[in-house]
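The next block holds one structure in the form of structure tokens; read it before the comments.
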Amino acid sequence: MQVWSVGLLRKLVRNIGQGRRKFASLYRIHGLWGAFRLIWKNIFLLETVCRLEKDLSIPDKKVEPAIPLDIEIVSNRLGVENWPWVGKIHAIRGDYGVEQFHNRFGRGDLCFAASSEGIFVGFVWLEFPPGAEAGYPLYPEEAYTYDGWVFENYRGKRALPYIQQAIMDYVRAHHKDIRRLVTHVATWNKYSLFGDQRAGYIVRRLERTVMIFGIHTKQILDRDIPVDVIMHQG
């Protein structure tokens with residue numbers, strides 16, 4: 001019990017330090033209230049999310065984006081400091097955002113970045129089991145996609161599902177042991193929910209995200225899936 005308490009205390013101290021750096025970075029970009037609004041969810045958050053899954057044995061109905069898109073897979077071999085789009089990340093997330101990308105590369109996560117005619121469009125992250133982002137350990141046959149972002153000018157162009165399908169193709173080709181992709185999306189975030197479903201994900205259940213001072217877990221909810229989070233093909 002004492003070892004567990006010491007470990008939790010160290011994690012809290014580390015998270016508080018990260019929170020300070022994140023707030024300072026966002027303050028320079030968004031001002032006081034903008035930074036507070038963005039960082040609050042890391043201090044205390046209760047949010048209902050959908051768990052979506054993609055069975056990789058099921059072929060995809062290929063998404064055609066409304067703009068030409070090129071996909072680049074960025075890994076630790078390149079490093080964030082040598083990535084041409086690092087300035088764009090700094091512009092939206094500041095120094096802490098660049099630090100966060102560096103840490104993700106360091107643990108082996110991959111960033112699937114999309115560009116259109118030389119302009120950075122967006123990205124989705126991929127991590128492998130046991131994982132650190134889902135709120136619980138992944139099964140050995142699962143991989144997790146997270147932190148999908150498309151710049152506002154390119155939303156509605158089917159960029160997000162196109163990136164997700166690039167991830168599906170990559171995992172099928174290079175990680176035969178991974179049979180399922182998993183992601184979480186808040187129930188209010190219809191843009192991401194419908195984009196992921198267009199890519200081939202299926203909403204499996206509802207969960208609750210619990211975040212307290214950066215310590216993150218998920219709780220499975222015994223609730224019916226709301227009709228409005230399901231994308232109906234027409």
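Quick note on naming: the chains in the structure tokens go A, B, ... in the order shown, residues restart at 1 in each chain, and ligands are numbered from 1 in order of appearance.
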
Among segment 51-220 of chain A, which ones does DSSP assign to helix (DSSP H, G or I) (computed from the backbone)? Answer as a ChimeraX atom specification. /A:80-82,86-106,152-154,159-174,190-199

For the residues in the current selection, export C-alpha atoms as a tab-separated table (two decimals), in the first residue's frame.
```tsv
chain	number	residue	atom	x	y	z
A	80	VAL	CA	9.77	16.18	-33.73
A	81	GLU	CA	12.59	18.72	-34.04
A	82	ASN	CA	13.23	17.63	-37.65
A	86	VAL	CA	6.58	21.29	-35.99
A	87	GLY	CA	5.91	25.03	-36.33
A	88	LYS	CA	2.23	24.33	-36.95
A	89	ILE	CA	2.05	22.23	-33.79
A	90	HIS	CA	3.75	24.99	-31.84
A	91	ALA	CA	1.24	27.52	-33.19
A	92	ILE	CA	-1.77	25.61	-31.85
A	93	ARG	CA	-0.28	24.02	-28.70
A	94	GLY	CA	2.85	25.96	-27.80
A	95	ASP	CA	6.05	24.62	-26.24
A	96	TYR	CA	4.18	22.01	-24.22
A	97	GLY	CA	2.51	20.68	-27.36
A	98	VAL	CA	5.91	20.11	-28.97
A	99	GLU	CA	7.13	18.47	-25.75
A	100	GLN	CA	4.05	16.21	-25.79
A	101	PHE	CA	4.77	15.14	-29.36
A	102	HIS	CA	8.40	14.44	-28.43
A	103	ASN	CA	7.30	12.21	-25.53
A	104	ARG	CA	4.87	10.29	-27.72
A	105	PHE	CA	7.53	9.62	-30.32
A	106	GLY	CA	9.85	8.53	-27.52
A	152	GLU	CA	-10.57	24.19	-39.25
A	153	ASN	CA	-10.21	25.22	-42.91
A	154	TYR	CA	-10.09	21.54	-43.92
A	159	ALA	CA	-9.67	14.19	-44.12
A	160	LEU	CA	-10.19	12.48	-40.76
A	161	PRO	CA	-11.64	9.22	-42.15
A	162	TYR	CA	-8.99	9.21	-44.87
A	163	ILE	CA	-6.23	9.36	-42.25
A	164	GLN	CA	-7.94	6.65	-40.20
A	165	GLN	CA	-8.09	4.36	-43.22
A	166	ALA	CA	-4.39	4.98	-43.86
A	167	ILE	CA	-3.78	3.74	-40.31
A	168	MET	CA	-5.91	0.66	-40.95
A	169	ASP	CA	-3.92	-0.16	-44.09
A	170	TYR	CA	-0.62	0.34	-42.26
A	171	VAL	CA	-1.56	-1.89	-39.33
A	172	ARG	CA	-2.83	-4.65	-41.62
A	173	ALA	CA	0.43	-4.58	-43.57
A	174	HIS	CA	2.93	-4.23	-40.72
A	190	LYS	CA	-20.30	14.60	-33.90
A	191	TYR	CA	-17.60	15.66	-36.37
A	192	SER	CA	-15.14	13.06	-35.07
A	193	LEU	CA	-17.83	10.45	-34.36
A	194	PHE	CA	-19.16	10.52	-37.90
A	195	GLY	CA	-15.69	10.81	-39.42
A	196	ASP	CA	-14.51	7.68	-37.61
A	197	GLN	CA	-17.67	5.79	-38.55
A	198	ARG	CA	-17.25	6.82	-42.18
A	199	ALA	CA	-13.79	5.23	-41.99
```

Return as a PyMOL selection string the full set of residues in segment 51-233 of chain A whose backbone-based DSSP assignment is strand (DSSP E or B). chain A and resi 51-55+70-74+110-116+119-127+142-150+180-186+202-212+215-221

Nearest residue to Cys50 of chain A from the set A:Val74, A:Ala132, A:Val150, A:Val203 (distances using only C-alpha atoms): A:Val203

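Relative to atom CA of Arg155 of chain A, atom CA of Asp224 of chain A is found at 29.2 Å.
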
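Remark: for Thr145 of chain A, the closest of the candidate residues A:Ala186, A:Leu206, A:Leu52, A:Ile58 is A:Leu52 (distances computed over only C-alpha atoms).
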
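Closest to Trp125 of chain A among A:Pro140, A:Val182, A:Met211, A:His175 is A:Val182, based on only C-alpha atoms.
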
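The shortest atom-to-atom distance to Glu207 of chain A, with only C-alpha atoms taken into account, belongs to A:Gly135 out of A:Gly135, A:Asn189, A:Gly118, A:Trp149.
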
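Coordinates place atom CA of Gly148 of chain A at a distance of 9.8 Å from atom CA of Ala113 of chain A.
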
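The closest residue to Glu117 of chain A, picked from A:Val185, A:Ile178, A:Ile71, A:Leu221 and counting only C-alpha atoms, is A:Ile71.
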
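Residues with any atom within 9 Å of Ser57 of chain A, counting only C-alpha atoms and excluding same-chain neighbours fewer than 3 positions away, are Lys54, Arg172, Arg179 and Arg180 of chain A.
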
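Closest to Cys111 of chain A among A:Gly79, A:Pro137, A:Pro130, A:Gly214 is A:Gly79, based on only C-alpha atoms.
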